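Trainee: My structure file data19.cif, mmCIF, C-alpha atoms, is below:
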```cif
data_structure
#
loop_
_atom_site.label_atom_id
_atom_site.label_comp_id
_atom_site.auth_asym_id
_atom_site.auth_seq_id
_atom_site.Cartn_x
_atom_site.Cartn_y
_atom_site.Cartn_z
CA VAL A 1 11.06 0.08 24.33
CA CYS A 2 13.34 0.44 21.29
CA SER A 3 14.81 3.31 19.37
CA SER A 4 16.77 4.36 16.33
CA ASP A 5 17.24 8.08 16.86
CA LEU A 6 14.77 9.26 19.50
CA SER A 7 16.01 12.85 19.66
CA ASN A 8 12.67 13.69 18.09
CA SER A 9 10.85 11.99 20.96
CA ASN A 10 7.79 14.24 20.65
CA ILE A 11 7.25 13.02 17.09
CA VAL A 12 7.60 9.42 18.25
CA ILE A 13 5.05 9.95 21.05
CA PHE A 14 2.68 11.58 18.56
CA GLN A 15 3.06 8.64 16.17
CA ILE A 16 2.37 6.15 18.96
CA LEU A 17 -0.77 8.03 20.01
CA VAL A 18 -2.10 8.26 16.44
CA SER A 19 -1.30 4.59 15.82
CA SER A 20 -3.00 3.51 19.06
CA PHE A 21 -6.09 5.53 18.20
CA SER A 22 -6.29 4.15 14.66
CA TRP A 23 -6.03 0.51 15.75
CA PHE A 24 -8.51 0.98 18.60
CA TYR A 25 -10.90 2.70 16.18
CA PHE A 26 -10.53 -0.26 13.82
CA TRP A 27 -11.08 -2.87 16.55
CA TYR A 28 -14.09 -1.06 18.04
CA THR A 29 -15.79 -0.41 14.69
CA PHE A 30 -15.33 -3.82 13.11
CA ASN A 31 -16.21 -5.57 16.37
CA MET A 32 -19.67 -3.99 16.05
CA THR A 33 -20.23 -5.81 12.74
CA ILE A 34 -19.59 -9.25 14.30
CA LYS A 35 -22.58 -11.22 15.57
CA HIS A 36 -21.14 -14.15 17.51
CA SER A 37 -18.86 -14.05 20.54
CA SER A 38 -16.67 -16.85 19.16
CA SER A 39 -16.03 -14.80 16.03
CA LYS A 40 -15.15 -11.82 18.22
CA ILE A 41 -12.53 -13.90 20.01
CA ILE A 42 -11.05 -14.98 16.67
CA PHE A 43 -10.98 -11.36 15.56
CA LEU A 44 -9.29 -10.21 18.76
CA LEU A 45 -6.50 -12.80 18.41
CA LEU A 46 -5.91 -11.93 14.75
CA PHE A 47 -6.12 -8.22 15.53
CA LEU A 48 -3.46 -8.40 18.25
CA SER A 49 -1.24 -10.58 16.07
CA LEU A 50 -1.25 -7.98 13.29
CA SER A 51 -1.37 -4.68 15.18
CA LEU A 52 1.40 -5.63 17.65
CA SER A 53 3.67 -7.30 15.09
CA SER A 54 7.11 -5.76 14.71
CA VAL A 55 6.47 -4.97 11.04
CA VAL A 56 3.69 -2.60 12.10
CA SER A 57 4.79 -1.40 15.54
CA GLU A 58 8.47 -0.66 14.91
CA HIS A 59 7.65 2.20 12.57
CA ASP A 60 5.97 4.09 15.40
CA PHE A 61 9.39 4.40 17.04
CA SER A 62 11.24 5.67 13.98
CA ILE A 63 11.12 9.00 12.15
CA LEU A 64 9.79 7.62 8.87
CA SER A 65 6.60 8.25 6.92
CA GLU A 66 5.38 4.64 7.34
CA SER A 67 3.95 5.13 10.85
CA LEU A 68 1.50 7.90 9.97
CA SER A 69 0.79 6.29 6.59
CA THR A 70 -0.15 3.01 8.26
CA SER A 71 -2.33 4.82 10.80
CA ALA A 72 -4.00 6.71 7.95
CA LEU A 73 -4.64 3.42 6.12
CA ILE A 74 -6.27 1.87 9.20
CA ILE A 75 -8.45 4.94 9.73
CA LEU A 76 -9.46 4.94 6.04
CA ILE A 77 -10.44 1.25 6.01
CA THR A 78 -12.28 1.65 9.32
CA SER A 79 -14.19 4.71 8.10
CA PHE A 80 -15.20 2.75 5.02
CA ILE A 81 -16.44 -0.13 7.22
CA ARG A 82 -18.33 2.31 9.44
CA TYR A 83 -20.01 4.00 6.47
CA TYR A 84 -20.73 0.89 4.41
CA PHE A 85 -21.71 -1.63 7.10
CA LEU A 86 -22.85 0.32 10.16
CA LYS A 87 -24.16 3.82 9.60
CA LYS A 88 -24.69 5.12 6.07
CA ASP A 89 -25.46 8.72 6.92
CA PHE A 90 -23.95 12.14 6.25
CA SER A 91 -21.74 12.19 9.37
CA SER A 92 -20.15 8.85 8.42
CA PHE A 93 -19.76 10.12 4.86
CA ILE A 94 -17.88 13.22 6.05
CA ILE A 95 -15.67 11.07 8.31
CA LEU A 96 -14.84 8.93 5.28
CA ILE A 97 -13.89 12.00 3.22
CA LEU A 98 -11.74 13.38 6.07
CA SER A 99 -9.99 10.02 6.34
CA ILE A 100 -9.22 10.20 2.60
CA ILE A 101 -7.75 13.68 3.06
CA TYR A 102 -5.56 12.46 5.92
CA PHE A 103 -4.49 9.35 3.98
CA THR A 104 -3.48 11.24 0.82
CA SER A 105 -1.55 13.82 2.86
CA THR A 106 0.78 11.36 4.61
CA LYS A 107 2.76 10.18 1.58
CA SER A 108 3.00 11.24 -2.06
CA SER A 109 2.42 7.71 -3.34
CA ASN A 110 -0.76 7.46 -1.26
CA SER A 111 -2.30 10.32 -3.19
CA LEU A 112 -1.93 8.35 -6.45
CA ILE A 113 -4.97 6.22 -5.61
CA TYR A 114 -7.10 9.32 -5.06
CA PRO A 115 -8.89 8.97 -8.46
CA ILE A 116 -10.19 5.52 -7.38
CA LEU A 117 -11.40 6.82 -4.04
CA LEU A 118 -12.89 9.85 -5.77
CA ILE A 119 -15.05 7.68 -8.06
CA PHE A 120 -16.52 5.86 -5.07
CA ILE A 121 -17.16 9.10 -3.18
CA LEU A 122 -18.85 10.75 -6.17
CA ILE A 123 -21.13 7.75 -6.64
CA GLU A 124 -22.08 7.85 -2.97
CA ASN A 125 -22.54 11.61 -3.17
CA ILE A 126 -25.12 11.05 -5.89
CA ASN A 127 -26.77 8.21 -3.97
CA LEU A 128 -27.23 10.43 -0.94
CA LYS A 129 -29.80 12.52 -2.81
CA ARG A 130 -30.74 14.61 0.18
CA ILE A 131 -27.16 15.94 0.28
CA ILE A 132 -27.40 17.30 -3.27
CA LYS A 133 -30.43 19.37 -2.30
CA SER A 134 -28.58 21.09 0.51
CA ARG A 135 -25.42 23.04 1.28
CA ARG A 136 -23.83 19.80 2.40
CA PHE A 137 -23.33 18.89 -1.24
CA TRP A 138 -21.00 21.86 -1.75
CA LEU A 139 -19.17 21.08 1.50
CA THR A 140 -18.34 17.55 0.38
CA ASN A 141 -17.16 18.72 -3.05
CA PHE A 142 -14.99 21.41 -1.46
CA LEU A 143 -13.39 18.85 0.84
CA LEU A 144 -12.65 16.61 -2.15
CA LEU A 145 -10.48 19.35 -3.65
CA ILE A 146 -7.95 19.04 -0.82
CA PRO A 147 -6.65 15.53 -1.66
CA PHE A 148 -6.70 16.55 -5.34
CA ILE A 149 -3.96 19.09 -4.50
CA PHE A 150 -1.85 16.30 -2.95
CA PHE A 151 -2.46 14.17 -6.07
CA ILE A 152 -1.25 16.92 -8.44
CA ASN A 153 1.76 17.62 -6.22
CA SER A 154 2.85 13.95 -6.32
CA LEU A 155 2.79 14.01 -10.13
CA THR A 156 5.00 17.11 -10.36
CA SER A 157 7.84 16.10 -8.04
CA ASP A 158 11.04 16.09 -10.15
CA VAL A 159 13.17 14.87 -7.22
CA THR A 160 11.18 11.65 -7.00
CA LYS A 161 11.20 11.23 -10.79
CA THR A 162 14.98 11.51 -11.16
CA LEU A 163 15.76 9.02 -8.39
CA THR A 164 13.01 6.67 -9.54
CA THR A 165 14.28 6.76 -13.11
CA SER A 166 17.86 6.10 -12.01
CA GLY A 167 16.82 3.25 -9.73
CA THR A 168 14.46 1.66 -12.25
CA ILE A 169 17.07 1.71 -15.02
CA ASN A 170 19.91 0.26 -12.96
CA ASN A 171 17.87 -2.27 -10.99
CA ARG A 172 15.61 -3.53 -13.79
CA LEU A 173 15.91 -2.18 -17.32
CA TRP A 174 19.63 -2.75 -17.55
CA PHE A 175 19.32 -6.53 -17.27
CA ASN A 176 17.15 -7.06 -20.35
CA GLU A 177 18.94 -6.69 -23.68
CA ASN A 178 15.95 -5.16 -25.48
CA TRP A 179 15.32 -2.65 -22.70
CA ARG A 180 19.03 -1.80 -22.55
CA ASN A 181 19.12 -1.17 -26.31
CA GLN A 182 16.19 1.24 -25.97
CA LEU A 183 18.15 3.07 -23.28
CA GLU A 184 21.18 3.43 -25.52
CA LYS A 185 19.07 4.77 -28.40
CA SER A 186 17.60 7.40 -26.09
CA GLY A 187 21.08 8.79 -25.42
CA TYR A 188 21.33 7.46 -21.86
CA PRO A 189 24.94 7.56 -20.51
CA MET A 190 25.75 3.85 -20.49
CA ASN A 191 28.88 4.39 -18.36
CA SER A 192 26.64 5.48 -15.46
CA HIS A 193 25.80 1.85 -14.66
CA GLN A 194 29.39 1.27 -13.55
CA ILE A 195 29.09 4.31 -11.26
CA TRP A 196 25.91 2.79 -9.85
CA LEU A 197 27.68 -0.57 -9.29
CA ASP A 198 30.63 1.07 -7.53
CA HIS A 199 28.36 2.93 -5.11
CA SER A 200 26.27 -0.22 -4.53
CA LYS A 201 29.27 -2.29 -3.47
CA GLY A 202 30.56 0.11 -0.82
CA ASN A 203 29.70 3.23 1.11
CA LEU A 204 31.14 6.04 -1.01
CA GLY A 205 29.17 8.77 0.72
CA VAL A 206 26.30 8.95 -1.80
CA PRO A 207 23.54 6.38 -2.47
CA PRO A 208 23.92 4.68 -5.89
CA ASP A 209 20.73 6.20 -7.37
CA GLN A 210 21.80 9.69 -6.30
CA ALA A 211 25.35 9.14 -7.60
CA VAL A 212 23.95 8.51 -11.09
CA VAL A 213 21.62 11.51 -10.88
CA ASN A 214 24.58 13.73 -9.94
CA LEU A 215 26.45 12.87 -13.17
CA LYS A 216 26.71 15.66 -15.74
CA GLU A 217 25.91 13.19 -18.54
CA PHE A 218 22.75 12.07 -16.74
CA LYS A 219 21.59 15.67 -16.27
CA ILE A 220 22.07 16.35 -19.99
CA TRP A 221 20.13 13.19 -20.88
CA TRP A 222 17.45 14.13 -18.36
CA SER A 223 16.92 17.57 -19.87
CA ASN A 224 16.71 16.11 -23.40
CA ASN A 225 14.93 12.74 -23.24
CA GLY A 226 15.05 11.54 -19.65
CA LYS A 227 12.29 13.50 -17.95
CA ASN A 228 9.51 11.48 -19.56
CA TYR A 229 11.54 8.38 -20.33
CA LEU A 230 9.74 6.01 -17.95
CA LEU A 231 6.34 7.15 -19.19
CA ASN A 232 7.36 6.70 -22.84
CA PHE A 233 9.02 3.38 -22.06
CA THR A 234 5.85 2.15 -20.35
CA LEU A 235 3.68 3.15 -23.32
CA ASN A 236 6.05 1.46 -25.78
CA ASN A 237 6.41 -1.67 -23.63
CA PRO A 238 2.96 -2.43 -22.16
CA ASP A 239 4.06 -5.96 -21.27
CA TYR A 240 6.64 -4.45 -18.93
CA ALA A 241 4.10 -2.10 -17.35
CA ILE A 242 1.40 -4.75 -16.84
CA PHE A 243 3.15 -8.09 -16.35
CA ALA A 244 6.72 -7.34 -15.27
CA PRO A 245 5.75 -6.24 -11.73
CA PHE A 246 4.74 -9.86 -11.07
CA THR A 247 6.84 -11.83 -13.59
CA LEU A 248 10.11 -9.89 -13.63
CA PRO A 249 12.41 -12.99 -13.53
CA LEU A 250 10.93 -14.13 -16.87
CA TYR A 251 12.57 -11.13 -18.56
CA SER A 252 16.11 -11.88 -17.39
CA ASN A 253 17.98 -14.57 -15.48
CA GLU A 254 19.65 -11.80 -13.46
CA LEU A 255 16.32 -10.57 -12.09
CA ASN A 256 14.49 -12.30 -9.23
CA TYR A 257 11.23 -12.08 -7.30
CA ARG A 258 12.87 -9.88 -4.66
CA LYS A 259 12.38 -7.08 -7.18
CA SER A 260 8.73 -7.93 -7.83
CA ILE A 261 5.51 -6.82 -6.18
CA PHE A 262 5.19 -10.31 -4.66
CA SER A 263 8.22 -9.54 -2.50
CA GLY A 264 6.66 -6.31 -1.26
CA TRP A 265 3.37 -8.02 -0.48
CA SER A 266 4.85 -11.01 1.30
CA GLN A 267 7.69 -10.12 3.65
CA GLY A 268 7.09 -6.75 5.27
CA THR A 269 9.84 -4.56 6.68
CA ASP A 270 12.48 -5.35 9.29
CA LEU A 271 13.98 -2.25 10.90
CA SER A 272 16.31 -4.37 13.07
CA THR A 273 18.49 -4.86 9.97
CA GLU A 274 18.68 -1.11 9.33
CA PHE A 275 18.85 0.49 12.80
CA GLU A 276 20.96 -0.70 15.73
CA GLY A 277 18.35 0.34 18.29
CA PHE A 278 15.72 -2.05 16.94
CA LYS A 279 17.79 -5.20 17.53
CA ASN A 280 16.53 -5.35 21.14
CA THR A 281 12.88 -4.71 20.32
CA ILE A 282 10.23 -6.55 22.36
CA PHE A 283 8.02 -6.85 19.28
CA PHE A 284 8.09 -9.96 17.08
CA ARG A 285 6.99 -10.62 13.53
CA THR A 286 4.10 -13.03 14.40
CA LEU A 287 2.53 -15.55 12.00
CA PHE A 288 1.45 -12.75 9.67
CA TRP A 289 5.08 -12.04 8.74
CA PRO A 290 7.28 -15.18 8.47
CA ASP A 291 11.03 -14.59 8.60
CA GLU A 292 11.90 -16.99 5.79
CA PRO A 293 11.07 -15.72 2.27
CA GLU A 294 9.73 -19.15 1.25
CA PHE A 295 7.18 -19.17 4.08
CA ALA A 296 6.35 -15.52 3.44
CA TYR A 297 5.49 -16.31 -0.19
CA LEU A 298 3.54 -19.37 0.98
CA LEU A 299 1.48 -17.26 3.40
CA LEU A 300 0.78 -14.73 0.65
CA GLY A 301 -0.40 -17.59 -1.56
CA VAL A 302 -2.74 -18.77 1.20
CA ILE A 303 -4.11 -15.23 1.61
CA LEU A 304 -4.72 -14.86 -2.14
CA ILE A 305 -6.39 -18.27 -2.48
CA PHE A 306 -8.56 -17.73 0.62
CA THR A 307 -9.59 -14.31 -0.69
CA SER A 308 -10.63 -15.89 -4.01
CA VAL A 309 -12.75 -18.47 -2.16
CA CYS A 310 -14.39 -15.71 -0.12
CA LEU A 311 -15.23 -13.77 -3.28
CA SER A 312 -17.04 -16.82 -4.65
CA LEU A 313 -18.91 -17.30 -1.38
CA PHE A 314 -19.88 -13.64 -0.96
CA LEU A 315 -21.17 -13.61 -4.54
CA LYS A 316 -23.90 -15.97 -3.31
CA VAL A 317 -24.54 -14.83 0.25
CA ASN A 318 -23.49 -11.18 0.71
CA ARG A 319 -22.98 -8.70 -2.14
CA LYS A 320 -21.97 -5.93 0.27
CA LYS A 321 -18.96 -7.89 1.48
CA LEU A 322 -18.17 -8.81 -2.12
CA PHE A 323 -18.14 -5.14 -3.12
CA PHE A 324 -15.97 -4.27 -0.09
CA ASN A 325 -13.45 -6.92 -1.16
CA PHE A 326 -13.37 -5.64 -4.73
CA ILE A 327 -12.78 -2.06 -3.57
CA ILE A 328 -9.86 -3.08 -1.35
CA ILE A 329 -8.33 -5.45 -3.94
CA PHE A 330 -8.67 -2.99 -6.80
CA THR A 331 -7.11 -0.27 -4.65
CA ILE A 332 -4.21 -2.56 -3.68
CA PHE A 333 -3.41 -3.29 -7.33
CA ALA A 334 -3.80 0.31 -8.46
CA TRP A 335 -1.64 1.36 -5.53
CA SER A 336 1.06 -1.32 -5.91
CA TYR A 337 1.82 -0.59 -9.55
CA PRO A 338 3.01 3.03 -9.02
CA ASN A 339 4.71 2.00 -5.78
CA TRP A 340 6.63 -0.61 -7.75
CA TRP A 341 8.16 2.23 -9.72
CA PHE A 342 9.21 3.95 -6.50
CA GLY A 343 10.79 0.74 -5.18
CA SER A 344 14.09 1.35 -6.94
CA LYS A 345 16.05 -1.13 -4.80
CA PRO A 346 15.06 -4.62 -3.59
CA ALA A 347 15.39 -3.38 0.00
CA ASP A 348 12.86 -0.63 -0.75
CA MET A 349 10.30 -3.03 -2.16
CA ALA A 350 8.98 -4.06 1.24
CA ARG A 351 8.83 -0.50 2.59
CA HIS A 352 7.17 1.02 -0.48
CA ASN A 353 4.58 -1.77 -0.62
CA LEU A 354 4.11 -2.03 3.14
CA LEU A 355 0.60 -0.58 3.13
CA ALA A 356 -0.47 -2.96 0.37
CA ALA A 357 0.94 -5.88 2.38
CA ILE A 358 -0.94 -4.74 5.50
CA SER A 359 -4.12 -4.31 3.43
CA TRP A 360 -3.94 -7.92 2.22
CA ARG A 361 -3.62 -9.15 5.81
CA ILE A 362 -6.46 -6.93 7.03
CA LEU A 363 -8.67 -8.23 4.21
CA PHE A 364 -7.72 -11.81 5.10
CA MET A 365 -8.53 -11.15 8.77
CA LEU A 366 -11.90 -9.54 8.02
CA ASN A 367 -12.92 -12.29 5.60
CA LEU A 368 -11.91 -15.03 8.02
CA VAL A 369 -14.01 -13.45 10.78
CA TRP A 370 -16.96 -12.91 8.41
CA ILE A 371 -16.79 -16.54 7.25
CA SER A 372 -16.62 -17.78 10.83
CA ASP A 373 -19.66 -15.62 11.63
CA ILE A 374 -21.58 -17.25 8.77
CA LEU A 375 -20.57 -20.74 9.90
CA PHE A 376 -21.51 -20.10 13.53
CA SER A 377 -24.91 -18.78 12.38
CA LYS A 378 -25.55 -21.97 10.41
CA LEU A 379 -24.46 -24.16 13.34
CA LEU A 380 -26.86 -22.37 15.69
CA LYS A 381 -29.72 -22.78 13.22
CA ARG A 382 -29.09 -26.53 13.01
CA LYS A 383 -29.09 -26.85 16.80
CA LYS A 384 -32.44 -25.12 16.98
#
```
Give the structure from this file in structure tokens form.

Mentor:
Amino acid sequence: VCSSDLSNSNIVIFQILVSSFSWFYFWYTFNMTIKHSSSKIIFLLLFLSLSLSSVVSEHDFSILSESLSTSALIILITSFIRYYFLKKDFSSFIILILSIIYFTSTKSSNSLIYPILLIFILIENINLKRIIKSRRFWLTNFLLLIPFIFFINSLTSDVTKTLTTSGTINNRLWFNENWRNQLEKSGYPMNSHQIWLDHSKGNLGVPPDQAVVNLKEFKIWWSNNGKNYLLNFTLNNPDYAIFAPFTLPLYSNELNYRKSIFSGWSQGTDLSTEFEGFKNTIFFRTLFWPDEPEFAYLLLGVILIFTSVCLSLFLKVNRKKLFFNFIIIFTIFAWSYPNWWFGSKPADMARHNLLAAISWRILFMLNLVWISDILFSKLLKRKK
């Protein structure tokens, strides 16, 4: 269909199979929660529009982590739906735990939300009292140790930390005078920004973030003050840590929303701009992923407003759906913040926040179908 480098064709075929399974599992499971045939038709149309969009499908044909990560996300959300809305038993509980293990293993940043998932699992483990009185209790707790290993590993990766620090400094911190002064006081090599600019303007054989990391001055700074610089900077500048991911342009005229979380949530990825083979793809972006940034931000606004309305409605009519929304939303936020640190370049913002962007659209799709189901139920009651 399309290709970038398909020499690893077996990996591509494996990714396509896993992706197909995950989306079918999602469609089959959620379809069982829908009461009315009209709502099922709405769901099918929305489902096809999202699952077959180029933003989702193109990754299955490239050797990147996004394909398996997306599949893992779909399986995780589906397992949660199965357990919470269809069959709250031990088998569904184990499937949910296994889906968490798979999800946290696909990407280091995915494992960062493990503490949130762990809290939910532990609460459910306590609620399923019969499990505690059996060997099953020890099985579930043993399984929960596996994603914990992935979580610890993601926190101890120095390669990620050096590149993230370099990218964060040169893409964000440099453009605010106060932040730049803090850098200088820490002993950061201020001449490295020019190196970063030179490598950003042209292909000099090394990516700009890596070029800075390779500098002797940077390595000295890293061994002295740099290793924990971002952590210390975040603690000393809580406004940056909490508000800057969404309001970055307010801190400098040279910063824009392309470097904010809103950009990652709104536009999705476009591999046709990165790989020659994807320019002839048969997939298209669909209404879920507008090409123009203005329309992409507008769609995100619609999704956020509609989600807020649904929260108010579910507060009155269905607390289960309300709780489901809160879990997904809270996870998206807790997930997007650390991913914002990994998004060292504007081009990376969409890729590093891709799963969060897909999650917002899945939540929008589920809520729209649930609302339509409620409306159809009321219409049928009036006719009777």

Trainee: Residues near stretch 211-220 of chain A, anyone? I mean within 9 Å using all atoms listed in the file, not counting same-chain ones fewer than 2 positions away, as a list in words.

Mentor: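 Here the qualifying residues turn out to be Thr162, Leu163, Ser166, Gly167, Tyr188, Pro189, Ser192, His193, Ile195, Trp196, His199, Val206, Pro207, Pro208, Asp209, Trp222, Ser223, Asn224, Asn225 and Gly226 of chain A.
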
Trainee: Decode the PyMOL selection byres ((chain A and resi 114) around 12) for the given file into explicit residues and return them as a PyMOL selection string.

Mentor: chain A and resi 97+99-105+107-113+115-122+144-152+154+331+334-335

Trainee: Run the PyMOL selection byres ((chain A and resi 45) around 12) against the file shown and list the residues it catches, as a ChimeraX atom specification.

Mentor: /A:27,38-44,46-52,286-288,365,368-369

Trainee: Just write the chosen residues, C-alpha atoms, as an mmCIF file, in the frame of the given file.

Mentor:
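Below you can see part-v3.cif, which holds the result:
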```cif
data_model
loop_
_atom_site.group_PDB
_atom_site.id
_atom_site.type_symbol
_atom_site.label_atom_id
_atom_site.label_comp_id
_atom_site.auth_asym_id
_atom_site.auth_seq_id
_atom_site.Cartn_x
_atom_site.Cartn_y
_atom_site.Cartn_z
ATOM 1 C CA TRP A 27 -11.080 -2.870 16.550
ATOM 2 C CA SER A 38 -16.670 -16.850 19.160
ATOM 3 C CA SER A 39 -16.030 -14.800 16.030
ATOM 4 C CA LYS A 40 -15.150 -11.820 18.220
ATOM 5 C CA ILE A 41 -12.530 -13.900 20.010
ATOM 6 C CA ILE A 42 -11.050 -14.980 16.670
ATOM 7 C CA PHE A 43 -10.980 -11.360 15.560
ATOM 8 C CA LEU A 44 -9.290 -10.210 18.760
ATOM 9 C CA LEU A 46 -5.910 -11.930 14.750
ATOM 10 C CA PHE A 47 -6.120 -8.220 15.530
ATOM 11 C CA LEU A 48 -3.460 -8.400 18.250
ATOM 12 C CA SER A 49 -1.240 -10.580 16.070
ATOM 13 C CA LEU A 50 -1.250 -7.980 13.290
ATOM 14 C CA SER A 51 -1.370 -4.680 15.180
ATOM 15 C CA LEU A 52 1.400 -5.630 17.650
ATOM 16 C CA THR A 286 4.100 -13.030 14.400
ATOM 17 C CA LEU A 287 2.530 -15.550 12.000
ATOM 18 C CA PHE A 288 1.450 -12.750 9.670
ATOM 19 C CA MET A 365 -8.530 -11.150 8.770
ATOM 20 C CA LEU A 368 -11.910 -15.030 8.020
ATOM 21 C CA VAL A 369 -14.010 -13.450 10.780
#
```

Trainee: Quote the spacing between atom CA of A:Glu66 and atom CA of A:Thr164 in Å to one decimal place.

Mentor: 18.6 Å

Trainee: Starting from the PyMOL selection byres ((chain A and resi 304) around 12), expand the selection into actual residues of this file and give them as a PyMOL selection string.

Mentor: chain A and resi 262+265-266+297-303+305-311+325+329+357+359-361+363-364+367

Trainee: Counting only C-alpha atoms, which residues sit no farther than 12 Å from the position (-20.6, 5.0, 5.7) in the file's frame? I'd like them as a PyMOL selection string.

Mentor: chain A and resi 29+76-97+99+120-121+124-125+127-128+324
